[in-house]
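What follows is one structure encoded as structure tokens, with my remarks underneath.
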Amino acid sequence: VAGALAWYTWRRGHVRRYVVRESDLQRLEQLNGLPQIELYTVPPSPRSAPLAAQIFADAGFVLLPGAVAPELCRDLAAACREEERAMLQRDPGEDGNRGAGRYSLGEAQKTGHLLHRPEWAALIDLDEVTPVLQQIFEGDDYLCAGAGGDFVRPGVTEYQPLHMDLDFPGCRAHPDNRAPVVTLNVALEPLTWRNGPTRIIPGSHCVKEGWSDAWDPPSQMEEPEAWRYYTFCPLPA
């Protein structure tokens with residue numbers, strides 16, 4: 001392929017060739033990253049919890065840098081690598097459980113989550129996060145329903161289609177746009193323009209005309225090109 005970069009990976013006898021156009025890499029370097037990402041960022045503290053909750057209500061997410069202590073992040077990263085090794089031993093071809101080369105740690109468990117491990121259980125009640133949750137839910141009448149994580153193997157070049165994680169009845173068309181579910185995502189490695197940062201579309205959580213439990217986001221062919229670059233980067237670990 002002209003103007004492309006290619007590399008190979010080897011896993012237990014499986015060889016795959018990945019090709020990426022050099023022009024695509026240049027476009028990612030130039031455009032990848034949520035515009036004005038600092039507007040969604042709040043230094044975590046109990047005093048800033050109302051502001052964080054307001055940003056969450058408007059955008060559907062909020063960034064809390066440093067909300068998880070470094071020692072907990074180190075323990076969690078080590079536990080993730082342990083789970084990753086165990087999964088790859090069972091999947092030497094890297095077929096993934098979320099598409100080729102993509103993995104959900106929770107979906108690989110018999111229970112569907114990892115709360116049986118102390119590294120994940122330690123995330124349930126964090127000093128810098130709980131006040132924000134209490135503001136979002138207007139009190140402490142909520143519960144932790146599970147814990148997991150995701151990883152992607154090197155060389156995956158396809159975008160994951162946009163999707164909604166609210167996958168049980170009533171969540172997609174929740175009244176007055178209040179959050180029925182909140183997910184805490186912890187970046188255990190720096191998110192950069194080239195290592196597959198998470199995509200999110202600000203405001204796409206809000207109920208819109210015609211929404212129902214059957215509604216889904218647009219396909220990759222239908223979504224605006226700019227949405228491909230709405231990613232959480234750059235972000236430190």
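Letters for chains follow the order of the structure tokens (A, B, ...), residue numbers begin at 1 for each chain, and ligand numbers begin at 1 in the order shown.
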Need the shell around A:Ser48: protein/DNA/RNA residues with any atom at most 9 Å away, counting only C-alpha atoms. Skip same-chain ones fewer than 5 positions apart. Format as a PDB file with N, CA and C atoms, in the first residue's frame?
```pdb
ATOM      1  N   VAL A  42     -11.831  18.930  36.207  1.00  0.00           N
ATOM      2  CA  VAL A  42     -12.004  19.563  37.513  1.00  0.00           C
ATOM      3  C   VAL A  42     -11.025  18.930  38.494  1.00  0.00           C
ATOM      4  N   PRO A  43     -10.175  19.731  39.150  1.00  0.00           N
ATOM      5  CA  PRO A  43      -9.322  19.162  40.204  1.00  0.00           C
ATOM      6  C   PRO A  43     -10.204  18.577  41.303  1.00  0.00           C
ATOM      7  N   ALA A  53     -20.171  17.636  39.118  1.00  0.00           N
ATOM      8  CA  ALA A  53     -21.471  17.028  38.837  1.00  0.00           C
ATOM      9  C   ALA A  53     -22.210  17.803  37.760  1.00  0.00           C
ATOM     10  N   PRO A 131     -17.813  12.088  46.736  1.00  0.00           N
ATOM     11  CA  PRO A 131     -18.598  13.336  46.790  1.00  0.00           C
ATOM     12  C   PRO A 131     -19.221  13.717  45.446  1.00  0.00           C
ATOM     13  N   VAL A 132     -18.533  13.410  44.352  1.00  0.00           N
ATOM     14  CA  VAL A 132     -19.086  13.704  43.035  1.00  0.00           C
ATOM     15  C   VAL A 132     -20.282  12.788  42.756  1.00  0.00           C
TER      16      VAL A 132
END
```
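Here the question is which of A:Pro50, A:Pro65, A:Pro197, A:Gly148 gets nearest to A:Leu114 using only C-alpha atoms, and that residue is A:Gly148.
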By how many Å are atom CA of A:Val182 and atom CA of A:Asp140 apart?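 If I compute the distance from atom CA of A:Val182 to atom CA of A:Asp140, I get 13.2 Å.
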Near A:Glu158, within 10 Å and counting only C-alpha atoms, which residues show up once chain neighbours fewer than 5 positions away are dropped, as a PDB file with all heavy atoms, in the first residue's frame?
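For reference, result_37.pdb as written:
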```pdb
ATOM      1  N   VAL A  20      -1.086   0.736   8.117  1.00  0.00           N
ATOM      2  CA  VAL A  20      -1.690   2.024   8.436  1.00  0.00           C
ATOM      3  C   VAL A  20      -1.125   3.056   7.480  1.00  0.00           C
ATOM      4  O   VAL A  20       0.100   3.155   7.323  1.00  0.00           O
ATOM      5  CB  VAL A  20      -1.388   2.451   9.887  1.00  0.00           C
ATOM      6  CG1 VAL A  20      -2.060   3.782  10.197  1.00  0.00           C
ATOM      7  CG2 VAL A  20      -1.840   1.378  10.869  1.00  0.00           C
ATOM      8  N   GLY A  99     -14.257  -8.063  19.775  1.00  0.00           N
ATOM      9  CA  GLY A  99     -13.723  -7.845  18.439  1.00  0.00           C
ATOM     10  C   GLY A  99     -12.255  -8.213  18.425  1.00  0.00           C
ATOM     11  O   GLY A  99     -11.624  -8.383  19.464  1.00  0.00           O
ATOM     12  N   ALA A 100     -11.672  -8.348  17.240  1.00  0.00           N
ATOM     13  CA  ALA A 100     -10.289  -8.799  17.100  1.00  0.00           C
ATOM     14  C   ALA A 100      -9.339  -7.879  17.867  1.00  0.00           C
ATOM     15  O   ALA A 100      -9.316  -6.667  17.645  1.00  0.00           O
ATOM     16  CB  ALA A 100      -9.893  -8.837  15.632  1.00  0.00           C
ATOM     17  N   GLY A 101      -8.598  -8.466  18.782  1.00  0.00           N
ATOM     18  CA  GLY A 101      -7.608  -7.719  19.543  1.00  0.00           C
ATOM     19  C   GLY A 101      -8.168  -6.859  20.654  1.00  0.00           C
ATOM     20  O   GLY A 101      -7.405  -6.170  21.340  1.00  0.00           O
ATOM     21  N   GLY A 196      -4.935   4.688  20.825  1.00  0.00           N
ATOM     22  CA  GLY A 196      -6.318   4.237  20.917  1.00  0.00           C
ATOM     23  C   GLY A 196      -7.079   4.758  22.109  1.00  0.00           C
ATOM     24  O   GLY A 196      -7.733   3.977  22.806  1.00  0.00           O
TER      25      GLY A 196
END
```
How far is it from atom CA of A:Cys80 to atom CA of A:Tyr230, in Å with one decimal?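 Atom-to-atom, atom CA of A:Cys80 and atom CA of A:Tyr230 are spaced 25.6 Å apart.
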Would you give me, as number ranges by chain, the residues in stretch 1-232 of chain A that DSSP reads as helix (DSSP H, G or I)? A: 22-31, 37-40, 46-59, 70-90, 118-121, 130-136, 175-177, 225-229
Of A:Met87, A:Leu126, A:Ala226, A:Ile136, the one sitting nearest A:Ala69 when using only C-alpha atoms is A:Leu126
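Going from atom CA of A:Leu115 to atom CA of A:Gly146 covers 6.3 Å.
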Do a neighbour search on A:Arg228 at 8 Å with only C-alpha atoms, toss out local chain neighbours closer than 3 positions, and write the hits as a list in words.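 Near A:Arg228, the qualifying residues are Asn32, Arg199, Pro224, Glu225 and Thr231 of chain A.
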I'd like the neighbourhood of A:Asp150 as a PDB file with N, CA, C and O atoms, in the first residue's frame, where a residue qualifies if any of its atoms comes within 10 Å (using only C-alpha atoms), though same-chain residues fewer than 5 positions away should be ignored.
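The resulting file, out-v1.pdb, is reproduced below:
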```
ATOM      1  N   CYS A  80      -4.311  -5.745  36.316  1.00  0.00           N
ATOM      2  CA  CYS A  80      -4.790  -5.792  34.934  1.00  0.00           C
ATOM      3  C   CYS A  80      -3.841  -6.606  34.059  1.00  0.00           C
ATOM      4  O   CYS A  80      -4.283  -7.403  33.212  1.00  0.00           O
ATOM      5  N   GLU A  84      -4.709  -9.852  31.988  1.00  0.00           N
ATOM      6  CA  GLU A  84      -4.437  -9.863  30.549  1.00  0.00           C
ATOM      7  C   GLU A  84      -3.640 -11.101  30.156  1.00  0.00           C
ATOM      8  O   GLU A  84      -3.964 -11.775  29.162  1.00  0.00           O
ATOM      9  N   ARG A  98     -14.230  -8.605  22.407  1.00  0.00           N
ATOM     10  CA  ARG A  98     -14.946  -7.388  22.014  1.00  0.00           C
ATOM     11  C   ARG A  98     -14.589  -7.039  20.567  1.00  0.00           C
ATOM     12  O   ARG A  98     -14.597  -5.869  20.196  1.00  0.00           O
ATOM     13  N   ARG A 102      -9.464  -6.879  20.874  1.00  0.00           N
ATOM     14  CA  ARG A 102     -10.102  -6.080  21.923  1.00  0.00           C
ATOM     15  C   ARG A 102     -10.649  -6.997  23.014  1.00  0.00           C
ATOM     16  O   ARG A 102     -11.258  -8.024  22.715  1.00  0.00           O
ATOM     17  N   TYR A 103     -10.469  -6.588  24.249  1.00  0.00           N
ATOM     18  CA  TYR A 103     -10.845  -7.458  25.365  1.00  0.00           C
ATOM     19  C   TYR A 103     -11.543  -6.673  26.468  1.00  0.00           C
ATOM     20  O   TYR A 103     -11.150  -5.546  26.799  1.00  0.00           O
ATOM     21  N   SER A 104     -12.561  -7.293  27.035  1.00  0.00           N
ATOM     22  CA  SER A 104     -13.200  -6.813  28.250  1.00  0.00           C
ATOM     23  C   SER A 104     -12.786  -7.726  29.392  1.00  0.00           C
ATOM     24  O   SER A 104     -12.987  -8.949  29.320  1.00  0.00           O
ATOM     25  N   LEU A 105     -12.183  -7.152  30.430  1.00  0.00           N
ATOM     26  CA  LEU A 105     -11.771  -7.963  31.578  1.00  0.00           C
ATOM     27  C   LEU A 105     -12.981  -8.525  32.306  1.00  0.00           C
ATOM     28  O   LEU A 105     -12.971  -9.672  32.755  1.00  0.00           O
ATOM     29  N   GLY A 106     -14.032  -7.711  32.451  1.00  0.00           N
ATOM     30  CA  GLY A 106     -15.207  -8.166  33.178  1.00  0.00           C
ATOM     31  C   GLY A 106     -15.941  -9.284  32.474  1.00  0.00           C
ATOM     32  O   GLY A 106     -16.360 -10.265  33.100  1.00  0.00           O
ATOM     33  N   GLU A 107     -16.093  -9.157  31.149  1.00  0.00           N
ATOM     34  CA  GLU A 107     -16.835 -10.168  30.399  1.00  0.00           C
ATOM     35  C   GLU A 107     -16.128 -11.518  30.400  1.00  0.00           C
ATOM     36  O   GLU A 107     -16.750 -12.541  30.119  1.00  0.00           O
ATOM     37  N   ASN A 185     -13.897   5.385  34.989  1.00  0.00           N
ATOM     38  CA  ASN A 185     -12.812   4.870  34.172  1.00  0.00           C
ATOM     39  C   ASN A 185     -11.495   5.430  34.692  1.00  0.00           C
ATOM     40  O   ASN A 185     -11.377   6.644  34.893  1.00  0.00           O
TER      41      ASN A 185
END
```
Mind checking which residues fall within 12 Å of A:Glu82, counting only C-alpha atoms, ignoring those fewer than 6 positions away in the same chain, and posting them as a JSON list (two decimals) with N, CA, C and O atoms, in the first residue's frame?
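Final output, saved to out02.json:
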```json
[["chain", "number", "residue", "atom", "x", "y", "z"],
["A", 75, "ASP", "N", -1.13, -0.80, 41.81],
["A", 75, "ASP", "CA", -1.68, -2.12, 42.13],
["A", 75, "ASP", "C", -2.69, -2.56, 41.08],
["A", 75, "ASP", "O", -2.72, -3.73, 40.67],
["A", 76, "LEU", "N", -3.52, -1.62, 40.65],
["A", 76, "LEU", "CA", -4.55, -1.94, 39.66],
["A", 76, "LEU", "C", -3.92, -2.28, 38.31],
["A", 76, "LEU", "O", -4.35, -3.22, 37.63],
["A", 88, "LEU", "N", -4.84, -13.95, 27.45],
["A", 88, "LEU", "CA", -4.11, -14.20, 26.21],
["A", 88, "LEU", "C", -3.60, -15.64, 26.14],
["A", 88, "LEU", "O", -3.44, -16.18, 25.04],
["A", 89, "GLN", "N", -3.35, -16.26, 27.28],
["A", 89, "GLN", "CA", -2.97, -17.67, 27.27],
["A", 89, "GLN", "C", -4.10, -18.53, 26.71],
["A", 89, "GLN", "O", -3.86, -19.55, 26.08],
["A", 105, "LEU", "N", -12.18, -7.15, 30.43],
["A", 105, "LEU", "CA", -11.77, -7.96, 31.58],
["A", 105, "LEU", "C", -12.98, -8.53, 32.31],
["A", 105, "LEU", "O", -12.97, -9.67, 32.76],
["A", 117, "ARG", "N", -11.67, -9.17, 43.34],
["A", 117, "ARG", "CA", -10.26, -8.82, 43.51],
["A", 117, "ARG", "C", -10.15, -7.51, 44.28],
["A", 117, "ARG", "O", -10.85, -6.54, 43.99],
["A", 119, "GLU", "N", -8.04, -5.14, 44.25],
["A", 119, "GLU", "CA", -7.63, -3.95, 43.50],
["A", 119, "GLU", "C", -8.84, -3.22, 42.91],
["A", 119, "GLU", "O", -8.84, -1.99, 42.80]]
```
Write down as a PyMOL selection string the residues belonging to stretch 3-204 of chain A that are assigned strand (DSSP E) by DSSP computed on the backbone. chain A and resi 4-11+14-21+102-104+150-152
I need the residue nearest A:Val152 from this list: A:Glu128, A:Glu223, A:Glu29, A:Asp95. Use only C-alpha atoms for the distance. A:Asp95
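With distances taken over only C-alpha atoms, A:Cys73 is the one residue among A:Ala78, A:Cys73, A:Val156, A:Ala86 lying closest to A:Leu123.
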What's around A:Leu63 at 9 Å? Count only C-alpha atoms, leave out sequence neighbours fewer than 5 positions away in its own chain, and write the answer as a VMD selection string. chain A and resid 37 to 38 40 to 44 52 56
Next, the residues of the selection above should be written as a PDB file, in the first residue's frame with C-alpha atoms.
```pdb
ATOM      1  CA  ILE A  37     -10.622  19.063  26.912  1.00  0.00           C
ATOM      2  CA  GLU A  38      -9.694  21.343  29.814  1.00  0.00           C
ATOM      3  CA  TYR A  40     -14.330  19.079  31.187  1.00  0.00           C
ATOM      4  CA  THR A  41     -11.558  18.833  33.788  1.00  0.00           C
ATOM      5  CA  VAL A  42     -12.004  19.563  37.513  1.00  0.00           C
ATOM      6  CA  PRO A  43      -9.322  19.162  40.204  1.00  0.00           C
ATOM      7  CA  PRO A  44     -10.983  16.675  42.550  1.00  0.00           C
ATOM      8  CA  ALA A  52     -17.891  18.284  38.597  1.00  0.00           C
ATOM      9  CA  PHE A  56     -21.157  15.581  34.110  1.00  0.00           C
TER      10      PHE A  56
END
```
